[in-house]
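Structure data follow from start-v7.txt (compact mmCIF, C-alpha atoms and all ligand atoms):
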```txt
# COMPACT_ATOMS: atom_id res chain seq x y z
CA MET A 1 -22.94 -3.30 -14.17
CA SER A 2 -20.21 -4.60 -11.88
CA VAL A 3 -16.71 -4.63 -13.33
CA ILE A 4 -15.53 -7.21 -10.79
CA CYS A 5 -14.16 -10.27 -12.62
CA ASN A 6 -12.73 -13.66 -11.77
CA PRO A 7 -9.00 -13.71 -12.44
CA ASP A 8 -9.10 -16.66 -14.83
CA SER A 9 -6.66 -16.75 -17.75
CA GLN A 10 -9.16 -15.27 -20.19
CA ASN A 11 -9.86 -12.30 -17.92
CA ILE A 12 -6.16 -11.78 -17.26
CA LYS A 13 -5.63 -11.56 -21.03
CA LYS A 14 -8.50 -9.10 -21.26
CA ALA A 15 -7.08 -7.06 -18.37
CA ALA A 16 -3.64 -7.01 -20.02
CA SER A 17 -5.09 -5.74 -23.28
CA LEU A 18 -6.90 -2.99 -21.34
CA ILE A 19 -3.56 -2.04 -19.72
CA LYS A 20 -1.83 -2.00 -23.10
CA SER A 21 -4.54 0.25 -24.52
CA GLY A 22 -4.17 2.80 -21.72
CA LYS A 23 -7.07 1.78 -19.48
CA LEU A 24 -7.12 1.31 -15.70
CA VAL A 25 -7.32 -2.14 -14.12
CA ALA A 26 -7.55 -2.79 -10.38
CA PHE A 27 -5.82 -5.97 -9.30
CA PRO A 28 -5.08 -7.83 -6.06
CA THR A 29 -1.66 -7.87 -4.44
CA GLU A 30 -0.70 -9.48 -1.12
CA THR A 31 -0.77 -6.04 0.57
CA VAL A 32 -3.77 -4.07 -0.78
CA TYR A 33 -5.51 -3.80 -4.16
CA GLY A 34 -3.68 -1.67 -6.70
CA LEU A 35 -5.08 0.61 -9.40
CA GLY A 36 -2.88 -0.25 -12.36
CA ALA A 37 -1.88 1.42 -15.61
CA SER A 38 0.95 1.02 -18.09
CA ALA A 39 3.96 3.00 -16.85
CA TYR A 40 4.67 3.87 -20.49
CA ILE A 41 1.34 5.54 -21.39
CA PRO A 42 1.23 9.08 -19.95
CA GLU A 43 -2.55 9.45 -20.44
CA ALA A 44 -3.12 6.24 -18.50
CA VAL A 45 -0.88 7.40 -15.66
CA ALA A 46 -2.71 10.73 -15.62
CA GLY A 47 -5.93 8.73 -15.40
CA ILE A 48 -4.76 7.19 -12.13
CA PHE A 49 -4.18 10.59 -10.54
CA ALA A 50 -7.61 11.74 -11.73
CA ALA A 51 -9.47 8.61 -10.59
CA LYS A 52 -7.93 8.76 -7.12
CA GLY A 53 -8.02 12.52 -6.70
CA ARG A 54 -4.30 12.21 -5.98
CA PRO A 55 -2.00 15.24 -6.06
CA SER A 56 0.43 15.00 -8.97
CA PHE A 57 3.47 15.53 -6.70
CA ASN A 58 2.87 12.09 -5.17
CA PRO A 59 4.80 9.50 -7.24
CA LEU A 60 3.70 5.92 -7.99
CA ILE A 61 5.32 2.53 -7.50
CA SER A 62 6.26 0.59 -10.66
CA HIS A 63 5.36 -3.09 -10.31
CA VAL A 64 7.48 -5.69 -12.09
CA ALA A 65 7.36 -9.45 -12.53
CA ASP A 66 11.03 -10.08 -13.29
CA LEU A 67 14.37 -8.55 -12.46
CA ASP A 68 15.21 -7.62 -16.07
CA LEU A 69 12.42 -5.08 -16.02
CA VAL A 70 14.08 -3.35 -13.05
CA GLU A 71 17.27 -2.88 -15.06
CA GLU A 72 15.14 -1.14 -17.68
CA LEU A 73 13.88 1.38 -15.12
CA ALA A 74 16.49 1.96 -12.45
CA VAL A 75 20.08 1.74 -11.35
CA PHE A 76 19.91 -1.74 -9.84
CA ASP A 77 23.02 -1.78 -7.65
CA GLU A 78 24.46 -4.65 -5.59
CA ARG A 79 22.61 -3.79 -2.39
CA ALA A 80 19.25 -3.58 -4.16
CA LYS A 81 19.94 -6.81 -6.07
CA PHE A 82 20.88 -8.59 -2.86
CA LEU A 83 17.63 -7.57 -1.17
CA ALA A 84 15.54 -8.27 -4.28
CA LYS A 85 16.97 -11.78 -4.59
CA LYS A 86 16.44 -12.40 -0.90
CA TYR A 87 12.85 -11.13 -0.64
CA TRP A 88 11.04 -10.63 -3.92
CA PRO A 89 8.27 -11.26 -4.70
CA ALA A 90 7.37 -9.50 -1.45
CA PRO A 91 5.68 -6.54 0.24
CA LEU A 92 8.93 -4.61 -0.12
CA THR A 93 9.51 -1.55 -2.31
CA PHE A 94 12.84 0.08 -3.16
CA VAL A 95 13.49 3.70 -4.02
CA LEU A 96 16.27 3.59 -6.62
CA LYS A 97 17.96 6.09 -8.93
CA ARG A 98 15.97 6.38 -12.11
CA ALA A 99 17.80 5.09 -15.20
CA ASN A 100 15.03 5.39 -17.75
CA LYS A 101 14.64 8.81 -19.37
CA ASN A 102 11.36 7.88 -21.10
CA PRO A 103 9.24 11.02 -20.55
CA ALA A 104 6.23 8.79 -20.04
CA LEU A 105 7.70 8.01 -16.61
CA ASP A 106 7.98 11.66 -15.57
CA LEU A 107 4.41 11.77 -14.33
CA ALA A 108 4.61 8.42 -12.52
CA CYS A 109 7.82 9.57 -10.82
CA ALA A 110 6.40 13.07 -10.13
CA GLY A 111 9.44 14.56 -11.84
CA LEU A 112 11.90 13.05 -9.34
CA ASP A 113 15.17 11.47 -10.42
CA THR A 114 14.28 8.41 -8.35
CA ILE A 115 11.84 5.59 -9.03
CA THR A 116 10.14 3.08 -6.72
CA VAL A 117 9.97 -0.55 -7.77
CA ARG A 118 8.32 -3.63 -6.31
CA MET A 119 7.62 -7.24 -7.30
CA PRO A 120 4.34 -8.19 -5.61
CA ARG A 121 3.79 -11.66 -4.10
CA HIS A 122 0.46 -12.44 -5.71
CA GLU A 123 -0.11 -14.81 -8.63
CA VAL A 124 -2.77 -12.60 -10.24
CA ALA A 125 -0.61 -9.47 -10.06
CA LEU A 126 2.40 -11.31 -11.50
CA ALA A 127 0.33 -12.88 -14.28
CA LEU A 128 -1.13 -9.50 -15.21
CA ILE A 129 2.28 -7.80 -15.35
CA ARG A 130 3.78 -10.64 -17.42
CA GLU A 131 0.86 -10.69 -19.84
CA SER A 132 1.00 -6.88 -20.22
CA GLY A 133 4.76 -6.90 -20.86
CA VAL A 134 5.25 -3.47 -19.27
CA PRO A 135 5.85 -2.19 -15.74
CA ILE A 136 2.48 -1.48 -14.14
CA VAL A 137 2.31 1.63 -11.98
CA ALA A 138 -0.20 1.20 -9.20
CA PRO A 139 -1.13 3.11 -6.09
CA SER A 140 -3.64 1.62 -3.69
CA ALA A 141 -7.02 1.43 -5.44
CA ASN A 142 -8.93 3.92 -3.29
CA ARG A 143 -9.73 7.63 -3.33
CA SER A 144 -6.75 9.61 -2.04
CA GLN A 145 -6.46 9.77 1.77
CA THR A 146 -9.27 7.28 2.43
CA ILE A 147 -9.00 3.72 3.83
CA SER A 148 -6.99 1.37 1.59
CA PRO A 149 -8.87 -1.51 -0.13
CA THR A 150 -8.27 -5.15 0.84
CA THR A 151 -11.13 -6.67 -1.20
CA ALA A 152 -12.46 -6.17 -4.74
CA ARG A 153 -15.71 -4.84 -3.24
CA HIS A 154 -13.77 -2.08 -1.39
CA VAL A 155 -12.29 -0.98 -4.73
CA GLU A 156 -15.71 -0.85 -6.34
CA GLU A 157 -17.12 1.17 -3.41
CA SER A 158 -14.25 3.65 -3.50
CA LEU A 159 -13.61 4.08 -7.25
CA GLY A 160 -16.80 2.85 -8.93
CA GLU A 161 -16.88 3.71 -12.62
CA ASN A 162 -13.42 5.25 -12.57
CA VAL A 163 -11.93 1.80 -13.10
CA ASP A 164 -12.36 -0.26 -16.27
CA MET A 165 -11.97 -3.69 -14.69
CA ILE A 166 -11.41 -5.12 -11.20
CA LEU A 167 -9.73 -8.53 -10.91
CA ASP A 168 -11.02 -10.27 -7.78
CA GLY A 169 -8.32 -12.16 -5.90
CA GLY A 170 -10.18 -12.41 -2.58
CA GLN A 171 -8.96 -10.76 0.61
CA CYS A 172 -5.36 -9.50 0.71
CA SER A 173 -3.26 -11.66 3.01
CA VAL A 174 -0.87 -9.01 4.39
CA GLY A 175 -3.38 -6.17 4.59
CA VAL A 176 -1.02 -3.18 4.98
CA GLU A 177 1.04 -1.64 2.19
CA SER A 178 4.58 -2.61 1.31
CA THR A 179 7.59 -1.51 3.31
CA ILE A 180 9.42 1.25 1.41
CA ILE A 181 13.17 1.68 1.78
CA ASP A 182 15.26 4.31 0.12
CA LEU A 183 18.39 2.72 -1.35
CA THR A 184 19.71 5.84 -3.07
CA THR A 185 21.76 6.88 -0.04
CA PRO A 186 24.81 5.18 1.54
CA LYS A 187 22.67 4.19 4.51
CA ALA A 188 19.27 2.67 3.76
CA VAL A 189 16.31 4.72 5.02
CA LEU A 190 12.88 3.37 5.95
CA LEU A 191 10.25 5.63 4.36
CA ARG A 192 7.19 3.54 5.16
CA ALA A 193 6.78 0.63 7.59
CA GLY A 194 4.93 -2.27 6.00
CA GLY A 195 4.64 -5.98 5.43
CA ILE A 196 8.38 -6.72 5.69
CA THR A 197 9.62 -5.74 9.12
CA LEU A 198 12.49 -3.42 10.02
CA GLU A 199 13.99 -6.19 12.16
CA GLU A 200 14.15 -8.60 9.19
CA LEU A 201 15.75 -6.01 6.90
CA GLU A 202 18.34 -4.88 9.44
CA ASN A 203 19.22 -8.47 10.07
CA ASP A 204 19.86 -9.15 6.38
CA LEU A 205 21.67 -5.90 5.66
CA GLY A 206 23.74 -6.30 8.81
CA GLU A 207 23.27 -2.63 9.68
CA LYS A 208 20.84 -0.20 11.27
CA ILE A 209 18.32 1.32 8.90
CA LEU A 210 17.57 5.00 9.45
CA ILE A 211 13.93 5.83 10.01
CA SER A 212 12.49 8.83 8.20
CA HIS A 213 9.73 10.55 10.10
CA GLY A 214 9.26 12.92 7.23
CA ASN A 215 8.42 16.55 7.01
CA PRO A 216 4.67 16.75 6.39
CA ASP A 217 5.12 19.89 4.29
CA MET A 218 7.75 18.29 2.09
CA PRO A 219 7.09 14.57 2.16
CA SER A 220 9.89 12.52 0.61
CA SER A 221 7.33 9.72 0.62
CA PRO A 222 3.96 11.38 0.54
CA GLY A 223 2.52 8.38 2.36
CA GLN A 224 4.08 10.31 5.23
CA MET A 225 1.41 12.97 5.03
CA LEU A 226 -0.07 13.44 8.47
CA ARG A 227 -3.66 12.69 7.60
CA HIS A 228 -4.14 9.59 5.49
CA TYR A 229 -6.13 6.35 5.61
CA ALA A 230 -8.88 8.27 7.37
CA PRO A 231 -12.42 7.07 8.15
CA SER A 232 -14.98 9.42 6.58
CA ASN A 233 -17.71 9.50 9.21
CA HIS A 234 -16.04 9.07 12.59
CA THR A 235 -13.09 10.32 14.58
CA LEU A 236 -10.56 7.71 15.63
CA ARG A 237 -8.91 7.50 19.08
CA ILE A 238 -5.79 5.32 19.31
CA ASN A 239 -4.14 3.63 22.34
CA ALA A 240 -7.58 3.25 23.93
CA LYS A 241 -7.19 1.28 27.18
CA SER A 242 -10.95 1.30 27.72
CA LYS A 243 -14.11 2.18 25.85
CA GLU A 244 -15.74 5.55 26.33
CA LYS A 245 -19.40 6.45 25.80
CA ASP A 246 -20.58 6.25 22.15
CA GLU A 247 -17.36 4.58 21.05
CA PHE A 248 -17.07 1.55 18.78
CA LEU A 249 -13.98 -0.23 20.09
CA ILE A 250 -11.66 -2.16 17.76
CA GLY A 251 -9.75 -4.47 20.09
CA PHE A 252 -6.39 -6.19 19.89
CA GLY A 253 -5.54 -9.14 22.17
CA GLU A 254 -7.72 -9.89 25.19
CA VAL A 255 -10.14 -6.96 25.32
CA GLU A 256 -13.49 -7.81 26.90
CA ASP A 257 -15.68 -4.98 25.70
CA ALA A 258 -14.34 -4.76 22.11
CA ASN A 259 -17.06 -4.51 19.44
CA ILE A 260 -14.76 -6.24 17.00
CA ASN A 261 -11.23 -7.63 17.49
CA LEU A 262 -8.26 -7.39 15.10
CA SER A 263 -6.71 -10.48 16.68
CA PRO A 264 -8.09 -11.89 19.96
CA LYS A 265 -4.90 -13.95 20.33
CA GLY A 266 -2.72 -10.86 19.85
CA ASP A 267 -1.16 -11.86 16.52
CA LEU A 268 0.16 -8.75 14.72
CA ARG A 269 0.06 -10.30 11.24
CA GLU A 270 -3.56 -11.33 11.69
CA ALA A 271 -4.30 -7.80 12.94
CA ALA A 272 -2.63 -6.19 9.92
CA ALA A 273 -4.66 -8.37 7.53
CA ASN A 274 -7.90 -7.25 9.24
CA LEU A 275 -7.02 -3.59 9.84
CA PHE A 276 -8.47 -1.74 6.84
CA ALA A 277 -11.59 -3.94 6.53
CA PHE A 278 -12.35 -3.41 10.24
CA LEU A 279 -11.83 0.36 9.98
CA ARG A 280 -14.42 0.33 7.20
CA ILE A 281 -16.85 -1.72 9.28
CA ALA A 282 -16.36 0.69 12.19
CA ASP A 283 -16.87 3.69 9.93
CA GLU A 284 -20.24 2.27 8.80
CA GLN A 285 -21.65 2.11 12.37
CA LYS A 286 -24.38 4.73 12.58
CA GLU A 287 -25.27 4.19 16.24
CA PHE A 288 -21.73 5.08 17.41
CA SER A 289 -20.20 8.52 17.00
CA LYS A 290 -16.54 7.62 17.46
CA ILE A 291 -14.08 4.80 16.85
CA ALA A 292 -11.44 3.76 19.37
CA ILE A 293 -8.65 1.24 18.91
CA SER A 294 -6.66 -0.73 21.51
CA PRO A 295 -2.90 -0.19 21.96
CA ILE A 296 -0.84 -2.10 19.37
CA PRO A 297 2.72 -3.20 20.28
CA GLU A 298 5.37 -1.10 18.48
CA ASN A 299 7.36 -3.97 16.98
CA SER A 300 7.31 -6.20 13.88
CA VAL A 301 4.24 -5.44 11.72
CA GLY A 302 2.95 -3.38 14.66
CA LEU A 303 5.09 -0.52 13.32
CA ALA A 304 3.09 -0.51 10.09
CA ILE A 305 -0.25 -0.81 11.91
CA ASN A 306 0.61 2.05 14.29
CA ASP A 307 1.80 4.21 11.40
CA ARG A 308 -1.54 3.75 9.59
CA ILE A 309 -3.79 4.32 12.61
CA ARG A 310 -1.77 7.33 13.79
CA ARG A 311 -2.38 9.00 10.43
CA ALA A 312 -6.00 7.82 10.30
CA SER A 313 -6.56 9.47 13.71
CA TYR A 314 -4.84 12.74 12.86
CA SER A 315 -6.92 15.88 13.02
CA LYS A 316 -5.74 19.45 12.90
O1 LIG A 401 1.75 -2.28 -1.09
C1 LIG A 401 1.88 -1.33 -1.85
O2 LIG A 401 2.95 -0.71 -1.94
C2 LIG A 401 0.65 -0.93 -2.69
C3 LIG A 401 0.37 -2.04 -3.70
C4 LIG A 401 -0.73 -1.69 -4.66
O3 LIG A 401 1.56 -2.38 -4.36
N1 LIG A 401 0.86 0.33 -3.33
C5 LIG A 401 0.86 1.48 -2.64
O4 LIG A 401 0.99 2.62 -3.44
O5 LIG A 401 0.74 1.55 -1.43
P1 LIG A 401 0.69 4.08 -2.92
O6 LIG A 401 0.79 4.93 -4.13
O7 LIG A 401 -0.58 4.12 -2.16
O8 LIG A 401 1.91 4.39 -2.00
C6 LIG A 401 3.19 4.56 -2.57
C7 LIG A 401 4.05 5.39 -1.70
C8 LIG A 401 3.57 6.82 -1.60
O9 LIG A 401 3.65 7.22 -0.25
C9 LIG A 401 4.59 7.56 -2.46
O10 LIG A 401 4.79 8.86 -2.00
C10 LIG A 401 5.84 6.74 -2.26
O11 LIG A 401 5.36 5.42 -2.27
N2 LIG A 401 6.79 6.93 -3.36
C11 LIG A 401 6.61 6.61 -4.67
N3 LIG A 401 7.69 6.95 -5.39
C12 LIG A 401 8.58 7.50 -4.53
C13 LIG A 401 9.90 8.06 -4.68
N4 LIG A 401 10.52 8.12 -5.84
N5 LIG A 401 10.51 8.52 -3.56
C14 LIG A 401 9.90 8.44 -2.37
N6 LIG A 401 8.66 7.94 -2.16
C15 LIG A 401 8.00 7.47 -3.23
MG MG A 402 -2.20 4.52 -0.75
```
Output the file's structure as structure tokens, nothing else.
Ligand code: TXA
Ligand code: MG
Amino acid sequence: MSVICNPDSQNIKKAASLIKSGKLVAFPTETVYGLGASAYIPEAVAGIFAAKGRPSFNPLISHVADLDLVEELAVFDERAKFLAKKYWPAPLTFVLKRANKNPALDLACAGLDTITVRMPRHEVALALIRESGVPIVAPSANRSQTISPTTARHVEESLGENVDMILDGGQCSVGVESTIIDLTTPKAVLLRAGGITLEELENDLGEKILISHGNPDMPSSPGQMLRHYAPSNHTLRINAKSKEKDEFLIGFGEVEDANINLSPKGDLREAAANLFAFLRIADEQKEFSKIAISPIPENSVGLAINDRIRRASYSK
């Protein structure tokens, strides 16, 4: 039986009681679907790692619906407050110093003395967090290292019976994960490019943000692992200026022989929203042996798109 449900108020109440009793609920956010559990129930948090096949050294983001909840979890300093007030709810996540010693959070934070927090810009996510009354830890609702889910159906295909309920909020509007910035250091550091652009953040902070390229053996943000977001059946070639034999070409902008196009008019936000769904479509093509993808400009949300496809294309 399908666990996909309409996010009406009755189902949100049901989802919240599942969260409060330590079960896993997948829910829509503006970026990708999240696999949620109460941050305060260690067994539930452990359940997330098990369902995803995620290594326990990879910490989770705590999702909140109001600023008071952040104070409960982290040192919420002036710089973080300024950015939160400016952007949230938004596809923007902060790494902050952890202020909450509750051992239940140790697993979610992978034993680090920092914690990541985000207020998502999606009515269903916010309603679920409010109704649950606890921070909801949620990684993307897919098996570890595979393509992130941007529809309820993707979640069901990837996690199946490992999730107790899936709230269906339609297709995610942003389509790539949140931007993560580390605010525990004097200079802010970008750990993951995402829905809020580097340009916007630098403009508001009035300073350059350092970019972490990470050490794949010691990821400070394990999203930096070299291979991630990978198609299961095909290899992926990036920066493809033309299509080679047996390739399924995902185009961007005016590309005549593209099999499918992320944004024929060359709009990076439209391309980001389509990215993961189109990678899945490409990966399902049996008559092609490889996937290729057109060059994507390295600015604005293009940074996030290029980051994802670079990792998706990585092979040893
Ligand atoms: O858009 C998003 O952020 C989605 C939705 C569901 O909110 N969530 C998401 O979660 O992408 P996940 O677990 O797939 O990615 C979270 C990233 C991981 O790369 C993790 O290593 C990093 O955040 N992270 C979590 N806590 C951290 C910490 N304390 N320090 C550094 N990186 C951290
Ligand atoms: Mg993920």
- Task: May I have the protein, DNA and RNA residues with any atom at most 12 Å from the point (-11.6, -5.0, -7.6), counting all atoms listed in the file, written as number ranges by chain?
- Result: A: 2-7, 15, 24-29, 32-36, 124, 140-142, 149-172
Proximity of chain A to ligand MG 402 (chain A): per-residue shortest pair, 7 Å limit, only C-alpha atoms and all ligand atoms, as a Markdown table:
```
| residue | atom | partner | partner_atom | distance |
| --- | --- | --- | --- | --- |
| A:Pro139 | CA | A:MG402 | MG | 5.6 |
| A:Ser140 | CA | A:MG402 | MG | 4.4 |
| A:Ser144 | CA | A:MG402 | MG | 6.9 |
| A:Ser148 | CA | A:MG402 | MG | 6.2 |
| A:Gly223 | CA | A:MG402 | MG | 6.8 |
```
Emit the selected residues as an mmCIF file, keeping the file's coordinate frame, including C-alpha atoms.
```
data_model
loop_
_atom_site.group_PDB
_atom_site.id
_atom_site.type_symbol
_atom_site.label_atom_id
_atom_site.label_comp_id
_atom_site.auth_asym_id
_atom_site.auth_seq_id
_atom_site.Cartn_x
_atom_site.Cartn_y
_atom_site.Cartn_z
ATOM 1 C CA PRO A 139 -1.130 3.110 -6.090
ATOM 2 C CA SER A 140 -3.640 1.620 -3.690
ATOM 3 C CA SER A 144 -6.750 9.610 -2.040
ATOM 4 C CA SER A 148 -6.990 1.370 1.590
ATOM 5 C CA GLY A 223 2.520 8.380 2.360
#
```
Quick one: which chain A residues come within 8 Å of ligand LIG 401 (chain A), and what is the nearest atom pair for each with the distance in Å to one decimal, counting all atoms listed in the file, rows ordered by chain and ascending number, as a tab-separated table?
```
residue	atom	partner	partner_atom	distance
A:Pro28	CA	A:LIG401	C4	7.7
A:Thr29	CA	A:LIG401	C3	6.2
A:Glu30	CA	A:LIG401	O1	7.6
A:Thr31	CA	A:LIG401	O1	4.8
A:Val32	CA	A:LIG401	C3	5.5
A:Tyr33	CA	A:LIG401	C4	5.2
A:Gly34	CA	A:LIG401	C4	3.6
A:Leu35	CA	A:LIG401	C4	6.8
A:Asn58	CA	A:LIG401	O10	4.9
A:Pro59	CA	A:LIG401	C11	4.3
A:Leu60	CA	A:LIG401	C11	4.5
A:Ile61	CA	A:LIG401	C11	5.1
A:His63	CA	A:LIG401	O3	7.1
A:Pro91	CA	A:LIG401	O1	5.9
A:Leu92	CA	A:LIG401	O2	7.4
A:Thr93	CA	A:LIG401	O2	6.6
A:Val95	CA	A:LIG401	N4	5.6
A:Leu96	CA	A:LIG401	N4	7.4
A:Ala108	CA	A:LIG401	N3	7.9
A:Cys109	CA	A:LIG401	N4	5.8
A:Ala110	CA	A:LIG401	N4	7.7
A:Leu112	CA	A:LIG401	N4	6.2
A:Asp113	CA	A:LIG401	N4	7.3
A:Thr114	CA	A:LIG401	N4	4.5
A:Ile115	CA	A:LIG401	N4	4.3
A:Thr116	CA	A:LIG401	N3	4.8
A:Arg118	CA	A:LIG401	O3	7.1
A:Pro120	CA	A:LIG401	O3	6.6
A:Ala138	CA	A:LIG401	C4	5.4
A:Pro139	CA	A:LIG401	O6	3.3
A:Ser140	CA	A:LIG401	O7	4.2
A:Ala141	CA	A:LIG401	C4	7.1
A:Ser148	CA	A:LIG401	O7	7.9
A:Val176	CA	A:LIG401	O1	6.7
A:Glu177	CA	A:LIG401	O1	3.4
A:Ser178	CA	A:LIG401	O1	3.7
A:Thr179	CA	A:LIG401	O2	7.1
A:Ile180	CA	A:LIG401	O11	6.9
A:Asp182	CA	A:LIG401	C14	7.2
A:Leu191	CA	A:LIG401	N6	7.1
A:Arg192	CA	A:LIG401	O9	7.4
A:Gly194	CA	A:LIG401	O1	7.8
A:Pro219	CA	A:LIG401	O10	7.4
A:Ser220	CA	A:LIG401	C14	5.1
A:Ser221	CA	A:LIG401	N6	3.6
A:Pro222	CA	A:LIG401	O10	3.7
A:Gly223	CA	A:LIG401	O9	3.1
A:Gln224	CA	A:LIG401	O9	6.3
```
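The gap separating atom CA of A:Phe57 from atom CA of A:Glu43 is 16.2 Å, in Å to one decimal.
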- Item | Interatomic distance (Å, one decimal) between atom CA of A:Leu73 and atom CA of A:Phe49 |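 Distance between the two atoms: 20.8 Å.
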